[in-house]
file final_4.txt (compact mmCIF, C-alpha atoms)
# COMPACT_ATOMS: atom_id res chain seq x y z
CA MET A 22 -28.04 6.20 -52.58
CA ASP A 23 -24.43 6.08 -53.77
CA PRO A 24 -22.23 3.22 -52.56
CA ALA A 25 -20.21 5.40 -50.15
CA SER A 26 -23.32 6.73 -48.38
CA ARG A 27 -24.83 3.25 -48.34
CA ARG A 28 -21.65 1.93 -46.72
CA GLU A 29 -21.76 4.71 -44.10
CA GLN A 30 -25.39 3.88 -43.40
CA LEU A 31 -24.52 0.21 -42.94
CA LEU A 32 -21.71 1.14 -40.56
CA ASP A 33 -24.16 3.22 -38.56
CA ILE A 34 -26.37 0.16 -38.20
CA GLY A 35 -23.26 -1.80 -37.19
CA LEU A 36 -22.41 0.75 -34.52
CA ARG A 37 -25.97 0.66 -33.22
CA LEU A 38 -25.91 -3.14 -33.05
CA LEU A 39 -22.71 -2.89 -31.06
CA GLU A 40 -24.55 -1.04 -28.32
CA THR A 41 -26.13 -4.25 -27.12
CA ARG A 42 -23.44 -6.85 -27.86
CA PRO A 43 -19.65 -7.25 -27.92
CA LEU A 44 -17.77 -6.78 -31.19
CA GLU A 45 -17.09 -10.50 -31.58
CA GLU A 46 -20.85 -11.10 -31.82
CA LEU A 47 -21.25 -8.51 -34.55
CA SER A 48 -21.45 -10.65 -37.68
CA ILE A 49 -22.12 -9.80 -41.29
CA GLU A 50 -25.15 -12.12 -41.05
CA LEU A 51 -26.60 -10.04 -38.23
CA LEU A 52 -25.99 -6.83 -40.15
CA ALA A 53 -27.64 -8.32 -43.25
CA ASP A 54 -30.64 -9.24 -41.12
CA GLN A 55 -30.97 -5.79 -39.61
CA ALA A 56 -30.30 -3.87 -42.79
CA GLY A 57 -32.62 -6.10 -44.79
CA ILE A 58 -30.10 -6.72 -47.54
CA SER A 59 -28.28 -9.83 -48.72
CA ARG A 60 -25.12 -11.15 -47.14
CA GLY A 61 -23.56 -11.22 -50.59
CA LEU A 62 -23.96 -7.47 -50.93
CA LEU A 63 -22.47 -6.92 -47.47
CA TYR A 64 -19.45 -9.05 -48.31
CA HIS A 65 -19.13 -6.84 -51.36
CA TYR A 66 -19.02 -3.77 -49.10
CA PHE A 67 -16.85 -5.12 -46.31
CA GLY A 68 -14.86 -8.09 -47.62
CA ASN A 69 -14.90 -10.21 -44.48
CA LYS A 70 -15.83 -10.04 -40.82
CA GLN A 71 -12.46 -8.68 -39.74
CA ASP A 72 -12.56 -5.88 -42.30
CA PHE A 73 -16.13 -5.14 -41.27
CA HIS A 74 -15.04 -4.84 -37.63
CA LEU A 75 -12.14 -2.64 -38.64
CA ALA A 76 -14.52 -0.38 -40.56
CA VAL A 77 -16.92 -0.17 -37.59
CA VAL A 78 -14.11 0.73 -35.18
CA ARG A 79 -12.76 3.30 -37.63
CA ARG A 80 -16.25 4.78 -38.02
CA ALA A 81 -16.63 5.09 -34.23
CA ALA A 82 -13.19 6.65 -33.97
CA ASP A 83 -14.05 9.17 -36.71
CA GLU A 84 -17.28 9.99 -34.92
CA VAL A 85 -15.47 10.66 -31.63
CA ILE A 86 -12.79 12.70 -33.39
CA ALA A 87 -15.42 14.82 -35.17
CA LEU A 88 -17.60 15.32 -32.08
CA THR A 89 -14.70 16.48 -29.96
CA ALA A 90 -13.11 18.73 -32.59
CA PRO A 91 -11.88 22.15 -31.45
CA ARG A 92 -14.60 24.78 -31.83
CA ASP A 93 -12.73 28.04 -32.17
CA ILE A 94 -12.65 28.69 -28.44
CA PRO A 95 -9.59 30.92 -28.02
CA ASP A 96 -8.74 29.88 -24.45
CA PRO A 97 -6.93 26.52 -24.66
CA LEU A 98 -8.26 25.26 -21.32
CA GLU A 99 -11.86 26.18 -22.11
CA GLN A 100 -11.40 24.49 -25.46
CA LEU A 101 -10.11 21.36 -23.77
CA VAL A 102 -13.00 21.32 -21.29
CA ALA A 103 -15.40 21.56 -24.26
CA SER A 104 -13.68 18.69 -26.10
CA VAL A 105 -13.53 16.42 -23.06
CA GLY A 106 -17.15 17.34 -22.32
CA ALA A 107 -18.20 16.24 -25.81
CA TYR A 108 -16.29 13.00 -25.27
CA VAL A 109 -18.04 12.42 -21.93
CA ASP A 110 -21.44 12.93 -23.55
CA TYR A 111 -20.57 10.54 -26.36
CA VAL A 112 -19.44 7.82 -23.94
CA VAL A 113 -22.54 8.26 -21.76
CA ASP A 114 -24.79 8.02 -24.84
CA HIS A 115 -23.02 4.96 -26.30
CA LEU A 116 -21.69 3.30 -23.19
CA ASP A 117 -22.03 -0.42 -23.92
CA GLY A 118 -21.00 -0.08 -27.53
CA TYR A 119 -18.08 2.13 -26.63
CA VAL A 120 -16.81 -0.25 -23.95
CA SER A 121 -17.09 -3.12 -26.46
CA LEU A 122 -15.07 -1.14 -28.95
CA VAL A 123 -12.34 -0.19 -26.51
CA ARG A 124 -12.06 -3.76 -25.31
CA ALA A 125 -12.11 -5.20 -28.81
CA ALA A 126 -9.45 -2.75 -29.93
CA ALA A 127 -7.23 -3.61 -26.95
CA ALA A 128 -7.80 -7.30 -27.59
CA GLY A 129 -7.70 -7.15 -31.33
CA ASN A 130 -5.25 -7.82 -34.08
CA GLN A 131 -2.63 -5.27 -35.03
CA SER A 132 -4.86 -3.45 -37.54
CA LEU A 133 -7.63 -2.99 -35.02
CA ARG A 134 -5.21 -1.73 -32.40
CA ALA A 135 -3.63 0.60 -34.92
CA VAL A 136 -7.01 2.25 -35.62
CA TYR A 137 -7.49 2.72 -31.89
CA ASP A 138 -3.98 4.03 -31.27
CA ASP A 139 -4.23 6.40 -34.24
CA ALA A 140 -7.51 7.77 -32.92
CA ARG A 141 -6.05 8.35 -29.47
CA SER A 142 -3.02 10.09 -30.97
CA ALA A 143 -5.20 12.19 -33.24
CA LEU A 144 -7.35 13.29 -30.31
CA ILE A 145 -4.35 14.28 -28.23
CA ASP A 146 -2.02 15.66 -30.87
CA ARG A 147 -4.83 17.90 -32.06
CA ILE A 148 -4.67 19.71 -28.72
CA PHE A 149 -1.22 20.92 -29.71
CA GLU A 150 -1.89 21.38 -33.38
CA ALA A 151 -5.09 23.36 -32.92
CA THR A 152 -3.66 25.71 -30.32
CA ASP A 153 -1.55 28.78 -30.81
CA PRO A 154 1.88 27.88 -29.30
CA GLU A 155 2.03 31.31 -27.70
CA ARG A 156 -1.18 30.68 -25.83
CA LEU A 157 0.21 27.36 -24.66
CA ALA A 158 3.45 29.05 -23.63
CA ASP A 159 1.40 31.54 -21.61
CA LEU A 160 0.16 28.53 -19.64
CA GLY A 161 3.71 27.25 -19.22
CA VAL A 162 3.13 24.43 -21.70
CA HIS A 163 5.70 23.66 -24.38
CA ASP A 164 5.32 21.12 -27.12
CA THR A 165 8.12 18.64 -26.35
CA PRO A 166 8.32 14.82 -26.69
CA ALA A 167 8.00 14.48 -22.89
CA VAL A 168 4.86 16.62 -22.88
CA ARG A 169 3.36 14.61 -25.77
CA LEU A 170 4.12 11.35 -23.94
CA LEU A 171 2.31 12.50 -20.81
CA ALA A 172 -0.55 14.01 -22.79
CA ARG A 173 -1.12 10.79 -24.76
CA SER A 174 -1.16 8.77 -21.55
CA TRP A 175 -3.56 11.31 -20.10
CA GLY A 176 -5.86 9.99 -22.85
CA ALA A 177 -5.85 6.66 -20.99
CA LEU A 178 -6.87 8.44 -17.79
CA VAL A 179 -9.69 10.23 -19.58
CA GLU A 180 -10.97 7.05 -21.21
CA ASP A 181 -10.81 5.00 -18.03
CA SER A 182 -12.36 7.61 -15.75
CA VAL A 183 -15.11 8.59 -18.16
CA ILE A 184 -16.14 4.95 -18.65
CA ALA A 185 -16.10 4.41 -14.87
CA TRP A 186 -18.07 7.63 -14.31
CA ALA A 187 -20.62 6.73 -17.00
CA HIS A 188 -21.25 3.47 -15.12
CA ASP A 189 -21.41 5.09 -11.67
CA ARG A 190 -21.20 8.84 -11.03
CA ALA A 191 -19.75 8.26 -7.55
CA GLY A 192 -21.06 11.65 -6.46
CA LEU A 193 -18.88 13.48 -8.97
CA SER A 194 -20.57 16.16 -11.10
CA ARG A 195 -19.88 16.35 -14.83
CA GLU A 196 -18.34 19.76 -14.26
CA ASP A 197 -15.98 18.49 -11.54
CA LEU A 198 -14.99 15.50 -13.68
CA LEU A 199 -14.05 17.78 -16.60
CA ASP A 200 -12.31 20.22 -14.32
CA ARG A 201 -10.24 17.52 -12.60
CA LEU A 202 -9.26 15.82 -15.83
CA VAL A 203 -8.14 19.02 -17.51
CA GLY A 204 -6.38 20.09 -14.32
CA ALA A 205 -4.50 16.78 -14.21
CA LEU A 206 -3.16 17.32 -17.72
CA VAL A 207 -2.05 20.85 -16.96
CA SER A 208 -0.37 19.81 -13.71
CA MET A 209 1.52 17.06 -15.54
CA VAL A 210 2.88 19.09 -18.41
CA VAL A 211 3.30 22.59 -17.01
CA ASP A 212 6.86 23.93 -17.04
CA LEU A 213 8.26 20.65 -18.34
CA MET B 3 10.24 -29.45 -3.05
CA ASP B 4 6.63 -29.32 -1.87
CA PRO B 5 3.90 -29.00 -4.53
CA ALA B 6 3.13 -25.35 -3.69
CA SER B 7 6.77 -24.24 -4.12
CA ARG B 8 7.10 -26.36 -7.24
CA ARG B 9 4.02 -24.67 -8.65
CA GLU B 10 5.46 -21.22 -7.84
CA GLN B 11 8.70 -22.20 -9.53
CA LEU B 12 6.83 -23.29 -12.63
CA LEU B 13 4.93 -20.01 -12.68
CA ASP B 14 8.23 -18.15 -12.50
CA ILE B 15 9.38 -20.02 -15.58
CA GLY B 16 6.05 -19.16 -17.20
CA LEU B 17 6.54 -15.48 -16.42
CA ARG B 18 10.06 -15.58 -17.82
CA LEU B 19 8.83 -17.23 -21.02
CA LEU B 20 6.30 -14.48 -21.35
CA GLU B 21 9.08 -11.94 -21.64
CA THR B 22 9.74 -12.97 -25.22
CA ARG B 23 6.29 -13.97 -26.46
CA PRO B 24 2.62 -13.02 -26.12
CA LEU B 25 0.43 -14.86 -23.63
CA GLU B 26 -1.44 -16.75 -26.35
CA GLU B 27 1.83 -18.43 -27.36
CA LEU B 28 2.53 -19.54 -23.82
CA SER B 29 1.47 -23.19 -23.89
CA ILE B 30 1.73 -25.95 -21.33
CA GLU B 31 3.87 -27.82 -23.90
CA LEU B 32 6.38 -24.98 -23.97
CA LEU B 33 6.48 -24.83 -20.20
CA ALA B 34 6.99 -28.62 -20.02
CA ASP B 35 9.87 -28.27 -22.45
CA GLN B 36 11.54 -25.49 -20.49
CA ALA B 37 10.95 -26.97 -17.06
CA GLY B 38 12.05 -30.40 -18.22
CA ILE B 39 9.02 -32.14 -16.79
CA SER B 40 6.14 -34.00 -18.38
CA ARG B 41 3.05 -32.35 -19.78
CA GLY B 42 0.97 -34.70 -17.69
CA LEU B 43 2.44 -33.33 -14.50
CA LEU B 44 1.86 -29.75 -15.67
CA TYR B 45 -1.77 -30.49 -16.45
CA HIS B 46 -1.94 -31.82 -12.93
CA TYR B 47 -0.65 -28.49 -11.60
CA PHE B 48 -2.61 -26.15 -13.86
CA GLY B 49 -5.63 -28.01 -15.22
CA ASN B 50 -5.69 -26.45 -18.69
CA LYS B 51 -4.11 -23.68 -20.70
CA GLN B 52 -6.64 -21.07 -19.59
CA ASP B 53 -6.12 -21.87 -15.92
CA PHE B 54 -2.38 -21.80 -16.50
CA HIS B 55 -2.65 -18.34 -18.05
CA LEU B 56 -4.84 -17.19 -15.18
CA ALA B 57 -2.24 -18.43 -12.70
CA VAL B 58 0.59 -16.68 -14.57
CA VAL B 59 -1.31 -13.39 -14.65
CA ARG B 60 -2.20 -13.73 -10.98
CA ARG B 61 1.45 -14.45 -10.16
CA ALA B 62 2.59 -11.34 -12.06
CA ALA B 63 -0.08 -9.27 -10.32
CA ASP B 64 1.03 -10.57 -6.91
CA GLU B 65 4.63 -9.75 -7.78
CA VAL B 66 3.73 -6.17 -8.70
CA ILE B 67 1.57 -5.77 -5.61
CA ALA B 68 4.38 -7.06 -3.37
CA LEU B 69 7.11 -4.99 -5.02
CA THR B 70 5.16 -1.78 -4.74
CA ALA B 71 3.93 -2.35 -1.18
CA PRO B 72 4.04 0.61 1.22
CA ARG B 73 7.35 0.69 3.10
CA ASP B 74 6.58 2.56 6.28
CA ILE B 75 7.38 5.94 4.79
CA PRO B 76 5.32 8.32 6.92
CA ASP B 77 4.84 11.02 4.28
CA PRO B 78 2.04 9.81 1.96
CA LEU B 79 3.47 11.53 -1.13
CA GLU B 80 6.98 10.19 -0.57
CA GLN B 81 5.42 6.77 -0.05
CA LEU B 82 3.53 7.07 -3.32
CA VAL B 83 6.64 8.18 -5.20
CA ALA B 84 8.43 5.09 -3.81
CA SER B 85 5.60 2.76 -4.84
CA VAL B 86 5.27 4.21 -8.34
CA GLY B 87 9.07 4.11 -8.62
CA ALA B 88 9.08 0.40 -7.80
CA TYR B 89 6.38 -0.11 -10.41
CA VAL B 90 8.40 1.81 -13.02
CA ASP B 91 11.45 -0.36 -12.32
CA TYR B 92 9.39 -3.53 -12.58
CA VAL B 93 7.90 -2.50 -15.93
CA VAL B 94 11.32 -1.49 -17.30
CA ASP B 95 12.78 -4.83 -16.23
CA HIS B 96 9.91 -6.94 -17.62
CA LEU B 97 8.70 -4.75 -20.44
CA ASP B 98 7.71 -7.23 -23.15
CA GLY B 99 6.20 -9.70 -20.73
CA TYR B 100 4.35 -6.98 -18.90
CA VAL B 101 2.89 -5.52 -22.08
CA SER B 102 1.80 -9.04 -23.10
CA LEU B 103 0.10 -9.47 -19.76
CA VAL B 104 -1.72 -6.16 -19.85
CA ARG B 105 -2.89 -6.79 -23.38
CA ALA B 106 -3.92 -10.35 -22.65
CA ALA B 107 -5.82 -9.25 -19.57
CA ALA B 108 -7.62 -6.52 -21.51
CA ALA B 109 -8.39 -8.98 -24.29
CA GLY B 110 -9.09 -11.94 -22.11
CA ASN B 111 -12.06 -13.73 -20.74
CA GLN B 112 -13.86 -12.47 -17.66
CA SER B 113 -11.67 -14.35 -15.19
CA LEU B 114 -8.49 -12.95 -16.67
CA ARG B 115 -9.89 -9.45 -16.64
CA ALA B 116 -11.07 -9.90 -13.08
CA VAL B 117 -7.52 -10.75 -11.93
CA TYR B 118 -6.26 -7.64 -13.68
CA ASP B 119 -9.01 -5.38 -12.33
CA ASP B 120 -8.56 -6.76 -8.82
CA ALA B 121 -4.83 -6.07 -8.99
CA ARG B 122 -5.40 -2.51 -10.14
CA SER B 123 -7.94 -1.94 -7.37
CA ALA B 124 -5.63 -3.49 -4.78
CA LEU B 125 -2.76 -1.25 -5.85
CA ILE B 126 -4.86 1.88 -5.66
CA ASP B 127 -7.07 1.12 -2.68
CA ARG B 128 -3.95 0.31 -0.69
CA ILE B 129 -2.93 3.97 -1.01
CA PHE B 130 -5.93 4.83 1.13
CA GLU B 131 -5.83 1.83 3.40
CA ALA B 132 -2.13 2.14 4.21
CA THR B 133 -2.25 5.84 4.96
CA ASP B 134 -3.35 7.57 8.12
CA PRO B 135 -6.54 9.46 7.14
CA GLU B 136 -5.31 12.46 9.13
CA ARG B 137 -2.19 12.66 7.04
CA LEU B 138 -4.33 12.49 3.91
CA ALA B 139 -6.62 15.17 5.32
CA ASP B 140 -3.57 17.37 5.88
CA LEU B 141 -3.01 17.16 2.12
CA GLY B 142 -6.66 18.01 1.46
CA VAL B 143 -7.45 14.45 0.41
CA HIS B 144 -10.57 12.71 1.70
CA ASP B 145 -11.51 9.14 1.03
CA THR B 146 -14.77 9.47 -0.92
CA PRO B 147 -16.22 7.43 -3.81
CA ALA B 148 -15.36 10.27 -6.23
CA VAL B 149 -11.75 10.30 -5.04
CA ARG B 150 -11.51 6.51 -5.37
CA LEU B 151 -12.93 6.68 -8.90
CA LEU B 152 -10.33 9.22 -9.99
CA ALA B 153 -7.52 7.42 -8.17
CA ARG B 154 -8.36 4.09 -9.84
CA SER B 155 -8.40 5.73 -13.25
CA TRP B 156 -5.12 7.37 -12.38
CA GLY B 157 -3.86 3.76 -12.37
CA ALA B 158 -4.60 3.69 -16.12
CA LEU B 159 -2.53 6.83 -16.59
CA VAL B 160 0.36 5.34 -14.64
CA GLU B 161 0.25 2.08 -16.57
CA ASP B 162 0.00 3.74 -19.96
CA SER B 163 2.68 6.36 -19.34
CA VAL B 164 5.14 3.98 -17.71
CA ILE B 165 4.85 1.52 -20.60
CA ALA B 166 5.31 4.37 -23.10
CA TRP B 167 8.25 5.73 -21.11
CA ALA B 168 9.88 2.30 -20.83
CA HIS B 169 9.76 2.10 -24.65
CA ASP B 170 11.03 5.62 -25.23
CA ARG B 171 12.13 8.00 -22.46
CA ALA B 172 11.21 11.04 -24.59
CA GLY B 173 13.70 13.14 -22.64
CA LEU B 174 11.80 12.63 -19.39
CA SER B 175 13.85 11.64 -16.33
CA ARG B 176 12.60 8.89 -14.01
CA GLU B 177 12.36 11.49 -11.26
CA ASP B 178 10.25 13.85 -13.37
CA LEU B 179 8.00 10.99 -14.47
CA LEU B 180 7.33 9.99 -10.84
CA ASP B 181 6.90 13.58 -9.79
CA ARG B 182 4.42 14.35 -12.58
CA LEU B 183 2.39 11.20 -12.03
CA VAL B 184 2.06 11.71 -8.29
CA GLY B 185 1.33 15.40 -8.86
CA ALA B 186 -1.46 14.50 -11.29
CA LEU B 187 -3.14 12.31 -8.70
CA VAL B 188 -2.93 14.98 -6.03
CA SER B 189 -4.25 17.67 -8.36
CA MET B 190 -7.20 15.45 -9.27
CA VAL B 191 -8.33 14.51 -5.80
CA VAL B 192 -7.36 17.47 -3.64
CA ASP B 193 -10.27 19.21 -1.90
CA LEU B 194 -12.84 17.02 -3.63
call {"tool": "encode", "arguments": {"input": "final_4.txt", "output": "structure tokens"}}
result
Amino acid sequence: MDPASRREQLLDIGLRLLETRPLEELSIELLADQAGISRGLLYHYFGNKQDFHLAVVRRAADEVIALTAPRDIPDPLEQLVASVGAYVDYVVDHLDGYVSLVRAAAAGNQSLRAVYDDARSALIDRIFEATDPERLADLGVHDTPAVRLLARSWGALVEDSVIAWAHDRAGLSREDLLDRLVGALVSMVVDL
Amino acid sequence: MDPASRREQLLDIGLRLLETRPLEELSIELLADQAGISRGLLYHYFGNKQDFHLAVVRRAADEVIALTAPRDIPDPLEQLVASVGAYVDYVVDHLDGYVSLVRAAAAGNQSLRAVYDDARSALIDRIFEATDPERLADLGVHDTPAVRLLARSWGALVEDSVIAWAHDRAGLSREDLLDRLVGALVSMVVDL
């Protein structure tokens, strides 16, 4: 296996370990143990614990970004429901690890927060970049700084509600959750 | 001055100090310096640095809860606009300190996070508790677990967008911000 694939594989193990413990308990020693390779080699791959954590958070972010990528659905709202749906499924499947990551990123040093903020921006800005502006205009949505501000903050609503819902459905179906979240975004940015 | 008022006064100084530095730099030594009293006395009031931080965060939360309290406005939506407006003004006036607090609470130990979560719940649950259910029903809003889940997460949207807006207005007026935020909540919970 080439070094890049080996590194990816190690990060996958790191992500899996994160499912049952907070980020601060994810050490290079633990990874070495689980991967069955020497600490020395891991330090070669990841430098130090902070860089290792940064790489794990970046890997999770890339995974979420890839899983929720636009899938050539021409209707922008259907596309958004599909993306948010993929996000919901990811959070449900990786709940403890994902909550650890979000918390660690919020708590973390500037680099860790930057990875998190970049991921959030990428997820949201993609909505505008992947959509034909004419189709957005048909919905009454125009790509302005005010609209981007509200859309990025809508990301906070999605994250918070999906985590809460994954912990306790509160009688809300997956379909209703998606529908309400997408509807909230539209209601915020329409004709602004 | 009685001990309780003195303690409140010290917490006010603590909150003010927080406006120019992150919570982790807010030490009992610094407070002693600014308040012109001995460290010993401060340790008497606050126990240790963690308890001091907890008290500062709780004080800020109480301030926000009091400032945004319902003001006998019979129309629930007008009431909500007034409450969110008071919150916006608070965040604008205390931006750096408030961001420090939110970050510290997200990053913090369980007690710190509990104060933050309790404040968020209090702010949101109050919407339901302070409003005549018939008036809510007239709007198509019913107090169910699903509605509470979405409303609490709406708190994350409000916090995130107001902080972003306080940093950069992005061409969005205060009125439009309030209108869009309240509209998002209604669109999420109506007829659910």
call {"tool": "atom_distance", "arguments": {"input": "final_4.txt", "atom1": "CA of Ile58 in chain A", "atom2": "CA of Glu40 in chain A"}}
result
20.8 Å
call {"tool": "interface_residues", "arguments": {"input": "final_4.txt", "of": "chain B", "to": "chain A", "cutoff": "8 Å", "atoms": "all atoms listed in the file", "output": "JSON, numbers by chain"}}
result
{"B": [105, 106, 108, 109, 110, 147, 148, 151, 152, 154, 155, 156, 157, 158, 159, 160, 162, 163, 166, 167, 171, 172, 173, 174, 182, 183, 185, 186, 187, 189, 190, 191]}
call {"tool": "atom_distance", "arguments": {"input": "final_4.txt", "atom1": "CA of Gln112 in chain B", "atom2": "CA of Arg134 in chain A"}}
result
20.2 Å
call {"tool": "atom_distance", "arguments": {"input": "final_4.txt", "atom1": "CA of Arg42 in chain A", "atom2": "CA of Arg80 in chain A"}}
result
17.0 Å
call {"tool": "closest_residue", "arguments": {"input": "final_4.txt", "among": "B:Leu141, B:Pro5, B:Pro76, B:Val66", "to": "His46 in chain B", "atoms": "all atoms listed in the file"}}
result
B:Pro5
call {"tool": "closest_residue", "arguments": {"input": "final_4.txt", "among": "A:Asp164, A:Asp159, A:Glu196, A:Asp212", "to": "Val105 in chain A", "atoms": "only C-alpha atoms"}}
result
A:Glu196
call {"tool": "residues_around", "arguments": {"input": "final_4.txt", "residues": "Ala143 in chain A", "least_positions_apart": "4", "cutoff": "10 Å", "atoms": "all atoms listed in the file", "output": "MDAnalysis selection string"}}
result
chainID A and resid 82:83 86 137:139 147:148 150 173
call {"tool": "residues_around", "arguments": {"input": "final_4.txt", "residues": "Leu38 in chain A", "least_positions_apart": "4", "cutoff": "10 Å", "atoms": "all atoms listed in the file", "output": "ChimeraX atom specification"}}
result
/A:32-34,42-44,46-48,51-52,55,118
call {"tool": "residues_around", "arguments": {"input": "final_4.txt", "residues": "Leu180 in chain B", "least_positions_apart": "6", "cutoff": "9 Å", "atoms": "only C-alpha atoms", "output": "list in words"}}
result
Leu82, Val83, Ala84, Val86, Gly87 and Val90 of chain B
call {"tool": "residues_around", "arguments": {"input": "final_4.txt", "residues": "Ala56 in chain A", "least_positions_apart": "3", "cutoff": "10 Å", "atoms": "only C-alpha atoms", "output": "list in words"}}
result
Gln30, Leu31, Ile34, Gly35, Glu50, Leu51, Leu52, Ala53, Ser59, Arg60 and Leu63 of chain A
call {"tool": "write_last_selection", "arguments": {"input": "final_4.txt", "atoms": "C-alpha atoms", "output": "short mmCIF file (atom, residue, chain, number, x, y, z; two decimals), keeping the file's coordinate frame"}}
result
data_model
loop_
_atom_site.label_atom_id
_atom_site.label_comp_id
_atom_site.auth_asym_id
_atom_site.auth_seq_id
_atom_site.Cartn_x
_atom_site.Cartn_y
_atom_site.Cartn_z
CA GLN A 30 -25.39 3.88 -43.40
CA LEU A 31 -24.52 0.21 -42.94
CA ILE A 34 -26.37 0.16 -38.20
CA GLY A 35 -23.26 -1.80 -37.19
CA GLU A 50 -25.15 -12.12 -41.05
CA LEU A 51 -26.60 -10.04 -38.23
CA LEU A 52 -25.99 -6.83 -40.15
CA ALA A 53 -27.64 -8.32 -43.25
CA SER A 59 -28.28 -9.83 -48.72
CA ARG A 60 -25.12 -11.15 -47.14
CA LEU A 63 -22.47 -6.92 -47.47
#
call {"tool": "closest_residue", "arguments": {"input": "final_4.txt", "among": "A:Ala90, A:Ala158, A:Leu133, A:Ala25", "to": "Asp146 in chain A", "atoms": "only C-alpha atoms"}}
result
A:Ala90
